[in-house]
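Asker: File upload.cif follows (mmCIF, C-alpha atoms):
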data_my_file
#
loop_
_atom_site.label_atom_id
_atom_site.label_comp_id
_atom_site.auth_asym_id
_atom_site.auth_seq_id
_atom_site.Cartn_x
_atom_site.Cartn_y
_atom_site.Cartn_z
CA MET B 665 242.26 71.02 -9.95
CA GLN B 666 239.67 71.34 -7.25
CA ASN B 667 236.95 68.73 -7.39
CA SER B 668 233.61 69.74 -8.70
CA ASN B 669 230.81 70.85 -6.39
CA ILE B 670 228.51 68.45 -8.17
CA ALA B 671 228.35 65.38 -5.96
CA SER B 672 227.90 62.77 -8.68
CA LEU B 673 230.67 64.28 -10.81
CA ALA B 674 233.01 64.40 -7.81
CA ARG B 675 232.23 60.74 -7.10
CA LEU B 676 233.02 59.75 -10.68
CA THR B 677 236.29 61.73 -10.58
CA GLU B 678 237.18 59.93 -7.35
CA GLN B 679 236.56 56.57 -9.00
CA PHE B 680 238.95 57.41 -11.83
CA GLU B 681 241.51 58.73 -9.34
CA ARG B 682 241.65 55.32 -7.69
CA LEU B 683 242.93 53.71 -10.91
CA PRO B 684 246.69 53.22 -11.12
CA GLY B 685 248.64 56.02 -12.81
CA ILE B 686 245.63 58.35 -12.96
CA GLY B 687 246.20 61.65 -11.14
CA GLN B 688 243.70 64.27 -10.07
CA LYS B 689 243.77 66.27 -13.31
CA THR B 690 243.52 63.23 -15.56
CA ALA B 691 240.68 61.87 -13.43
CA ALA B 692 238.78 65.15 -13.85
CA ARG B 693 239.40 65.08 -17.60
CA LEU B 694 238.16 61.49 -17.89
CA ALA B 695 235.08 62.20 -15.78
CA TYR B 696 234.17 65.20 -17.95
CA TYR B 697 234.73 63.07 -21.03
CA VAL B 698 232.37 60.39 -19.73
CA LEU B 699 229.76 63.07 -19.01
CA LYS B 700 229.96 64.27 -22.61
CA MET B 701 229.52 60.75 -24.01
CA PRO B 702 226.15 59.86 -25.49
CA GLU B 703 224.08 58.12 -22.81
CA GLN B 704 224.26 54.83 -24.70
CA ASP B 705 228.06 54.86 -24.59
CA ALA B 706 228.11 55.55 -20.87
CA GLU B 707 225.79 52.61 -20.35
CA LYS B 708 228.07 50.41 -22.44
CA PHE B 709 231.06 51.51 -20.36
CA ALA B 710 229.32 50.72 -17.07
CA ALA B 711 228.08 47.39 -18.42
CA ALA B 712 231.59 46.46 -19.60
CA ILE B 713 232.93 46.95 -16.07
CA LEU B 714 230.24 44.81 -14.47
CA ASP B 715 230.31 42.21 -17.23
CA ALA B 716 234.09 41.74 -17.16
CA HIS B 717 234.03 41.60 -13.41
CA LYS B 718 231.34 38.95 -13.38
CA SER B 719 232.48 36.72 -16.21
CA VAL B 720 236.24 36.72 -15.68
CA HIS B 721 237.90 34.58 -13.02
CA CYS B 722 240.97 32.41 -12.58
CA CYS B 723 241.47 29.21 -14.60
CA LYS B 724 241.12 26.25 -12.25
CA ILE B 725 244.47 24.86 -13.40
CA CYS B 726 246.88 27.66 -14.25
CA CYS B 727 245.19 30.62 -12.47
CA ASP B 728 245.32 32.73 -15.66
CA LEU B 729 242.25 34.87 -16.20
CA THR B 730 239.50 33.28 -18.26
CA ASP B 731 235.76 33.39 -18.74
CA LYS B 732 235.58 29.60 -18.93
CA GLU B 733 236.23 27.02 -16.22
CA ILE B 734 239.55 26.06 -17.79
CA CYS B 735 241.50 28.51 -19.99
CA PRO B 736 242.08 27.72 -23.71
CA ILE B 737 245.79 27.02 -23.12
CA CYS B 738 245.16 24.48 -20.35
CA ALA B 739 242.34 22.94 -22.40
CA ASP B 740 244.62 22.57 -25.46
CA ASP B 741 245.71 18.93 -25.85
CA LYS B 742 248.59 19.89 -28.13
CA ARG B 743 250.28 21.91 -25.40
CA ASP B 744 253.35 20.46 -23.76
CA LYS B 745 252.09 19.81 -20.24
CA SER B 746 255.54 18.74 -19.04
CA ILE B 747 256.85 22.33 -18.98
CA ILE B 748 255.21 24.99 -16.84
CA CYS B 749 256.23 28.60 -17.38
CA VAL B 750 255.62 30.61 -14.18
CA VAL B 751 254.73 34.31 -14.62
CA GLU B 752 253.66 37.08 -12.28
CA ASP B 753 250.82 38.62 -14.23
CA PRO B 754 248.16 37.45 -16.72
CA ARG B 755 249.49 40.00 -19.23
CA ASP B 756 252.86 38.24 -19.17
CA VAL B 757 251.17 35.17 -20.69
CA LEU B 758 249.95 37.30 -23.62
CA VAL B 759 253.45 38.70 -24.13
CA LEU B 760 255.08 35.25 -24.08
CA GLU B 761 252.41 33.80 -26.37
CA ARG B 762 253.05 36.60 -28.84
CA THR B 763 256.54 35.20 -29.52
CA HIS B 764 254.88 32.02 -30.94
CA GLU B 765 258.04 30.22 -29.76
CA PHE B 766 256.67 28.27 -26.83
CA ASN B 767 254.23 25.46 -26.71
CA VAL B 768 254.25 25.26 -22.94
CA SER B 769 251.74 25.46 -20.12
CA TYR B 770 251.66 28.48 -17.82
CA HIS B 771 251.07 29.28 -14.20
CA VAL B 772 250.11 32.80 -13.13
CA LEU B 773 251.15 33.79 -9.59
CA HIS B 774 249.19 37.09 -9.58
CA GLY B 775 252.08 39.00 -8.07
CA ALA B 776 255.56 38.52 -6.68
CA ILE B 777 256.85 38.11 -3.15
CA SER B 778 257.54 41.54 -1.67
CA PRO B 779 257.82 41.87 2.11
CA MET B 780 258.19 45.63 1.58
CA LYS B 781 254.74 45.83 0.01
CA GLY B 782 253.37 43.24 2.42
CA ILE B 783 252.97 40.58 -0.28
CA LEU B 784 253.80 37.23 1.31
CA PRO B 785 254.07 33.84 -0.44
CA ASP B 786 250.66 32.67 0.78
CA MET B 787 249.01 35.61 -1.00
CA LEU B 788 250.20 34.29 -4.37
CA LYS B 789 248.95 31.27 -6.36
CA ILE B 790 251.84 29.10 -5.12
CA LYS B 791 249.65 26.46 -3.47
CA GLU B 792 247.93 25.94 -6.82
CA LEU B 793 251.30 25.61 -8.56
CA MET B 794 252.57 23.02 -6.06
CA ALA B 795 249.35 21.01 -6.48
CA ARG B 796 250.16 20.65 -10.20
CA LEU B 797 253.56 19.11 -9.47
CA HIS B 798 252.42 16.08 -7.51
CA ASP B 799 251.95 13.69 -10.38
CA ASP B 800 254.76 12.88 -12.80
CA THR B 801 253.50 15.03 -15.72
CA VAL B 802 255.67 18.07 -15.08
CA LYS B 803 259.38 17.71 -15.84
CA GLU B 804 260.46 21.36 -15.85
CA VAL B 805 259.33 24.63 -14.32
CA VAL B 806 260.60 27.78 -16.10
CA MET B 807 260.71 30.91 -13.95
CA ALA B 808 259.55 33.81 -16.12
CA THR B 809 259.03 36.25 -13.28
CA ASN B 810 260.21 39.84 -13.75
CA THR B 811 263.90 40.68 -13.49
CA THR B 812 263.25 42.84 -10.45
CA VAL B 813 264.21 42.19 -6.84
CA GLU B 814 260.69 40.87 -6.22
CA GLY B 815 260.72 38.67 -9.31
CA GLU B 816 264.13 37.25 -8.43
CA THR B 817 263.10 36.61 -4.83
CA THR B 818 260.02 34.77 -6.02
CA ALA B 819 262.03 32.67 -8.49
CA VAL B 820 264.54 31.65 -5.81
CA TYR B 821 261.77 30.95 -3.27
CA LEU B 822 259.89 28.72 -5.72
CA SER B 823 263.02 26.88 -6.87
CA LYS B 824 263.72 25.94 -3.25
CA LEU B 825 260.21 24.50 -2.97
CA ILE B 826 260.23 22.69 -6.31
CA LYS B 827 263.74 21.24 -6.60
CA PRO B 828 263.25 18.73 -3.74
CA LEU B 829 260.44 17.18 -5.82
CA GLY B 830 263.07 16.19 -8.43
CA ILE B 831 261.71 18.62 -11.02
CA LYS B 832 264.08 20.76 -13.09
CA VAL B 833 263.77 24.48 -12.35
CA THR B 834 265.10 26.97 -14.91
CA ARG B 835 265.13 30.75 -15.33
CA LEU B 836 264.74 32.82 -18.52
CA ALA B 837 268.20 33.93 -19.69
CA PHE B 838 269.57 37.33 -18.75
CA GLY B 839 271.51 39.29 -21.35
CA LEU B 840 271.44 42.06 -23.90
CA PRO B 841 268.10 42.90 -25.45
CA VAL B 842 268.02 42.06 -29.15
CA GLY B 843 268.37 45.14 -31.35
CA GLY B 844 269.85 47.12 -28.47
CA ASP B 845 273.02 49.19 -28.49
CA ILE B 846 275.69 47.98 -26.05
CA GLN B 847 276.41 51.52 -24.90
CA TYR B 848 272.86 51.83 -23.63
CA ALA B 849 272.93 48.60 -21.61
CA ASP B 850 273.31 49.02 -17.87
CA GLU B 851 276.28 47.47 -16.04
CA VAL B 852 274.31 44.75 -14.33
CA THR B 853 272.80 43.53 -17.61
CA LEU B 854 276.23 43.65 -19.27
CA ALA B 855 277.79 41.67 -16.45
CA ARG B 856 275.04 39.03 -16.69
CA ALA B 857 275.44 38.93 -20.49
CA PHE B 858 279.20 38.36 -20.06
CA LEU B 859 278.70 35.60 -17.50
CA GLY B 860 276.18 33.90 -19.75
CA ARG B 861 278.28 34.15 -22.93
CA ASN B 862 277.90 31.32 -25.44
CA GLU B 863 280.32 29.88 -27.98
CA ILE B 864 279.50 30.85 -31.59
CA MET W 278 250.07 44.62 -26.02
CA GLN W 279 247.71 42.30 -27.80
CA ASN W 280 244.17 42.39 -26.54
CA SER W 281 243.01 39.54 -24.39
CA ASN W 282 241.22 36.52 -25.81
CA ILE W 283 238.57 36.91 -23.15
CA ALA W 284 235.71 38.74 -24.81
CA SER W 285 234.45 40.67 -21.79
CA LEU W 286 237.98 41.75 -20.83
CA ALA W 287 238.70 42.86 -24.40
CA ARG W 288 235.47 44.89 -24.36
CA LEU W 289 236.43 46.62 -21.11
CA THR W 290 239.92 47.39 -22.47
CA GLU W 291 238.30 48.88 -25.57
CA GLN W 292 236.11 51.10 -23.41
CA PHE W 293 239.15 52.47 -21.59
CA GLU W 294 240.98 52.96 -24.89
CA ARG W 295 238.24 55.29 -26.06
CA LEU W 296 238.99 57.73 -23.23
CA PRO W 297 241.23 60.69 -24.14
CA GLY W 298 244.96 60.19 -23.51
CA ILE W 299 244.59 56.48 -22.73
CA GLY W 300 246.63 54.24 -25.03
CA GLN W 301 246.43 50.50 -25.58
CA LYS W 302 248.83 49.53 -22.78
CA THR W 303 247.30 51.85 -20.22
CA ALA W 304 243.82 50.63 -21.17
CA ALA W 305 244.91 47.03 -20.58
CA ARG W 306 246.45 47.98 -17.23
CA LEU W 307 243.26 49.77 -16.13
CA ALA W 308 241.05 46.88 -17.27
CA TYR W 309 243.13 44.38 -15.28
CA TYR W 310 243.01 46.69 -12.30
CA VAL W 311 239.22 46.87 -12.47
CA LEU W 312 239.09 43.06 -12.66
CA LYS W 313 241.13 42.77 -9.49
CA MET W 314 238.87 45.19 -7.61
CA PRO W 315 236.48 43.74 -5.05
CA GLU W 316 233.11 43.24 -6.73
CA GLN W 317 231.56 45.98 -4.59
CA ASP W 318 234.08 48.53 -5.86
CA ALA W 319 233.46 47.58 -9.48
CA GLU W 320 229.75 48.07 -8.88
CA LYS W 321 230.42 51.49 -7.35
CA PHE W 322 232.52 52.45 -10.37
CA ALA W 323 229.81 51.43 -12.83
CA ALA W 324 227.15 53.17 -10.76
CA ALA W 325 229.21 56.38 -10.60
CA ILE W 326 229.36 56.48 -14.40
CA LEU W 327 225.62 56.01 -14.81
CA ASP W 328 224.76 58.27 -11.91
CA ALA W 329 226.94 61.17 -13.06
CA HIS W 330 225.62 60.78 -16.56
CA LYS W 331 222.03 60.85 -15.43
CA SER W 332 222.15 63.60 -12.81
CA VAL W 333 224.49 66.10 -14.48
CA HIS W 334 223.30 68.46 -17.20
CA CYS W 335 223.76 72.08 -18.26
CA CYS W 336 222.55 74.96 -16.08
CA LYS W 337 219.57 76.62 -17.79
CA ILE W 338 221.23 80.03 -17.52
CA CYS W 339 225.03 79.74 -17.82
CA CYS W 340 225.34 76.25 -19.39
CA ASP W 341 227.83 75.18 -16.70
CA LEU W 342 227.39 71.60 -15.55
CA THR W 343 225.12 71.10 -12.58
CA ASP W 344 222.85 68.53 -10.99
CA LYS W 345 220.21 71.18 -10.25
CA GLU W 346 218.08 73.16 -12.68
CA ILE W 347 220.12 76.31 -12.07
CA CYS W 348 223.76 76.11 -10.89
CA PRO W 349 224.77 77.50 -7.45
CA ILE W 350 226.59 80.47 -9.03
CA CYS W 351 223.59 81.56 -11.10
CA ALA W 352 221.30 80.99 -8.11
CA ASP W 353 223.51 83.16 -5.86
CA ASP W 354 221.90 86.60 -5.35
CA LYS W 355 225.18 88.12 -4.17
CA ARG W 356 226.85 87.48 -7.53
CA ASP W 357 227.39 90.45 -9.80
CA LYS W 358 225.03 89.66 -12.64
CA SER W 359 226.24 92.66 -14.66
CA ILE W 360 229.53 90.95 -15.62
CA ILE W 361 229.56 87.64 -17.51
CA CYS W 362 232.85 85.81 -17.80
CA VAL W 363 232.82 83.58 -20.91
CA VAL W 364 234.87 80.34 -20.72
CA GLU W 365 235.29 77.34 -23.00
CA ASP W 366 235.03 74.52 -20.49
CA PRO W 367 233.25 73.82 -17.18
CA ARG W 368 236.64 73.18 -15.59
CA ASP W 369 237.67 76.75 -16.40
CA VAL W 370 234.94 77.99 -14.05
CA LEU W 371 236.48 75.94 -11.21
CA VAL W 372 239.93 77.38 -11.95
CA LEU W 373 238.67 80.98 -12.02
CA GLU W 374 236.61 80.46 -8.86
CA ARG W 375 239.70 79.16 -7.09
CA THR W 376 241.28 82.63 -7.30
CA HIS W 377 238.46 83.95 -5.05
CA GLU W 378 239.00 87.27 -6.86
CA PHE W 379 235.87 87.43 -8.95
CA ASN W 380 232.28 87.75 -7.95
CA VAL W 381 230.98 87.49 -11.51
CA SER W 382 228.59 85.31 -13.44
CA TYR W 383 229.85 82.84 -15.99
CA HIS W 384 228.89 81.45 -19.34
CA VAL W 385 230.29 78.12 -20.53
CA LEU W 386 230.56 77.72 -24.31
CA HIS W 387 231.47 73.99 -24.20
CA GLY W 388 234.24 74.42 -26.76
CA ALA W 389 235.80 76.99 -29.06
CA ILE W 390 235.29 77.76 -32.72
CA SER W 391 237.62 75.58 -34.78
CA PRO W 392 236.86 75.12 -38.49
CA MET W 393 239.83 72.72 -38.62
CA LYS W 394 238.16 70.39 -36.13
CA GLY W 395 234.73 71.05 -37.64
CA ILE W 396 233.50 73.01 -34.59
CA LEU W 397 231.29 75.81 -35.89
CA PRO W 398 229.71 78.65 -33.86
CA ASP W 399 226.26 77.04 -33.84
CA MET W 400 227.70 73.98 -32.05
CA LEU W 401 228.64 76.13 -29.04
CA LYS W 402 226.37 77.66 -26.39
CA ILE W 403 226.45 81.07 -28.13
CA LYS W 404 222.69 81.29 -28.68
CA GLU W 405 222.24 80.87 -24.93
CA LEU W 406 224.80 83.62 -24.23
CA MET W 407 223.12 86.06 -26.61
CA ALA W 408 219.75 85.36 -24.98
CA ARG W 409 221.19 86.58 -21.65
CA LEU W 410 222.20 89.94 -23.13
CA HIS W 411 218.78 91.15 -24.23
CA ASP W 412 217.71 92.86 -21.04
CA ASP W 413 219.84 95.63 -19.52
CA THR W 414 221.34 93.55 -16.68
CA VAL W 415 224.64 92.76 -18.36
CA LYS W 416 227.11 95.64 -18.71
CA GLU W 417 230.30 93.75 -19.52
CA VAL W 418 231.29 90.42 -21.08
CA VAL W 419 234.82 89.24 -20.20
CA MET W 420 236.34 86.80 -22.69
CA ALA W 421 238.21 84.18 -20.69
CA THR W 422 238.63 81.73 -23.55
CA ASN W 423 241.99 79.99 -23.94
CA THR W 424 244.93 81.89 -25.41
CA THR W 425 245.03 79.54 -28.39
CA VAL W 426 244.10 80.26 -32.00
CA GLU W 427 240.67 78.72 -31.36
CA GLY W 428 240.14 80.67 -28.13
CA GLU W 429 241.19 83.93 -29.81
CA THR W 430 238.96 83.30 -32.80
CA THR W 431 236.02 82.65 -30.49
CA ALA W 432 236.70 85.80 -28.48
CA VAL W 433 236.86 87.95 -31.62
CA TYR W 434 233.76 86.29 -33.10
CA LEU W 435 231.74 86.90 -29.93
CA SER W 436 232.94 90.48 -29.51
CA LYS W 437 231.66 91.25 -33.02
CA LEU W 438 228.26 89.85 -32.03
CA ILE W 439 228.07 91.55 -28.64
CA LYS W 440 229.54 95.04 -29.21
CA PRO W 441 226.60 96.17 -31.42
CA LEU W 442 224.33 95.63 -28.39
CA GLY W 443 226.20 98.43 -26.58
CA ILE W 444 227.78 96.01 -24.08
CA LYS W 445 231.46 96.33 -23.14
CA VAL W 446 233.55 93.36 -24.25
CA THR W 447 236.91 92.75 -22.54
CA ARG W 448 239.62 90.09 -22.66
CA LEU W 449 241.76 88.68 -19.84
CA ALA W 450 245.19 90.37 -19.89
CA PHE W 451 248.10 88.73 -21.66
CA GLY W 452 251.52 88.92 -20.04
CA LEU W 453 254.13 87.13 -18.02
CA PRO W 454 252.97 84.41 -15.65
CA VAL W 455 253.51 85.38 -12.02
CA GLY W 456 256.51 83.63 -10.47
CA GLY W 457 257.91 82.83 -13.92
CA ASP W 458 261.43 83.50 -15.12
CA ILE W 459 261.64 85.94 -18.04
CA GLN W 460 264.17 83.76 -19.84
CA TYR W 461 261.60 80.96 -20.05
CA ALA W 462 258.84 83.14 -21.51
CA ASP W 463 258.21 82.70 -25.22
CA GLU W 464 258.59 85.64 -27.61
CA VAL W 465 254.87 86.10 -28.25
CA THR W 466 254.07 86.30 -24.53
CA LEU W 467 256.98 88.72 -23.99
CA ALA W 468 255.81 90.92 -26.86
CA ARG W 469 252.26 90.99 -25.43
CA ALA W 470 253.64 91.74 -21.96
CA PHE W 471 255.62 94.66 -23.40
CA LEU W 472 252.64 96.06 -25.29
CA GLY W 473 250.48 95.82 -22.19
CA ARG W 474 253.07 97.38 -19.84
CA ASN W 475 251.66 99.46 -16.96
CA GLU W 476 253.11 102.39 -15.06
CA ILE W 477 254.34 101.55 -11.55
#
Take the structure in the file and write it out as structure tokens.
Answerer:
Amino acid sequence: MQNSNIASLARLTEQFERLPGIGQKTAARLAYYVLKMPEQDAEKFAAAILDAHKSVHCCKICCDLTDKEICPICADDKRDKSIICVVEDPRDVLVLERTHEFNVSYHVLHGAISPMKGILPDMLKIKELMARLHDDTVKEVVMATNTTVEGETTAVYLSKLIKPLGIKVTRLAFGLPVGGDIQYADEVTLARAFLGRNEI
Amino acid sequence: MQNSNIASLARLTEQFERLPGIGQKTAARLAYYVLKMPEQDAEKFAAAILDAHKSVHCCKICCDLTDKEICPICADDKRDKSIICVVEDPRDVLVLERTHEFNVSYHVLHGAISPMKGILPDMLKIKELMARLHDDTVKEVVMATNTTVEGETTAVYLSKLIKPLGIKVTRLAFGLPVGGDIQYADEVTLARAFLGRNEI
């Protein structure tokens, strides 16, 4: 799809094209859709972008996104502050919270170490994590980074930093997904599930 | 994916969810991406929405989108004003123009008749098309609506309106797509291609 000759429409299409996973055709479709919106809706859309951008920032403690100074989880006195669960992305916190199984604190790294993509440790919220470990509150740090090469690298890197402080470092268990068929599991997952087998 | 607890982020996610083809997870991903943008880029994005919405409207003649009073095609004296090519969507004009084969005028209906979706003839730019046919300039109207039930219905409906004016009404040819394999063509297309066979 060739871009429109109309400058403002072409600019809007370009803006959509910059979003992740949005190709040229989808961008054009979205731009046309926005044009067809009632003016009020377009204003709401633009305001939502600016508003979210202005009001949302990182929690001073855990670096999760929040519109307050300290996020509701960090501000919650009933949370177990002795366990910090380290995740890559703010959305991972939502996913973990959805299980209703944990009553832990979190720390959001905002990425994972990836020399290939040029993401080095000092570009992540590691300094902020280390600063939380210097009193005796924290007893355990659970690595809940992704099970990718980058996530693994980050978990190993952090464990090497944290262990010398005498704090326990753990990793979420690898194994078969619940409700999954064994024949659909890949070899690596199966091997990890075998190694991690438990007595029943 | 559960929506965020942060009100402004949830609002932005909602805005993205309203766009066509964007589900809950994609909307969340886009909203997070916008949050991570530099503030300047977020401002550009919001401005592009408002700007496109304000500056773009329908051409007074052909109803194509434009930021001028009359679109460049209608304003072009070298265009053959005796042939009007009727399309459903502004993007169809771009696609047809890309062939560089036509030197015709266009008319954009902004949709197709679809009683199922509640789109009736008076919701399309048909009045505006008929108004263009009342001097003797136009000799032929080419239906370039989609080859769907709605597109066909619209083409037939318009031809019944236009033929009584003594103007030729034609339809883009049906047949095999160029570069396509016959074994992948569906039966309806093959049947139309057979009916429309030409001597070589």
Asker: Just how far from CA of Ala305 in chain W is CA of Ala287 in chain W, in Å to one decimal?
Answerer: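 Computing it gives 8.4 Å between the two atoms.
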Asker: Can you pull out every residue within 12 Å of Gly443 in chain W, counting only C-alpha atoms, but drop anything in the same chain fewer than 6 positions away, and send it as JSON, numbers by chain?
Answerer: {"W": [410, 411, 412, 413, 415, 416, 417, 418, 436, 437]}
Asker: Under the PyMOL selection byres ((chain B) within 6 of (chain W)), which residues of this model are included? Write them out as a ChimeraX atom specification.
Answerer: /B:672-673,676,679,699,709-710,712,716-717
Asker: In Å, rounded to a single decimal, give me how far CA of Glu816 in chain B is from CA of Asp850 in chain B.
Answerer: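 Taking CA of Asp850 in chain B and CA of Glu816 in chain B, their separation equals 17.7 Å.
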Asker: Can you tell me how far CA of Phe838 in chain B sits from CA of Leu825 in chain B, in Å to one decimal?
Answerer: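 One can read the CA of Phe838 in chain B to CA of Leu825 in chain B distance as 22.4 Å.
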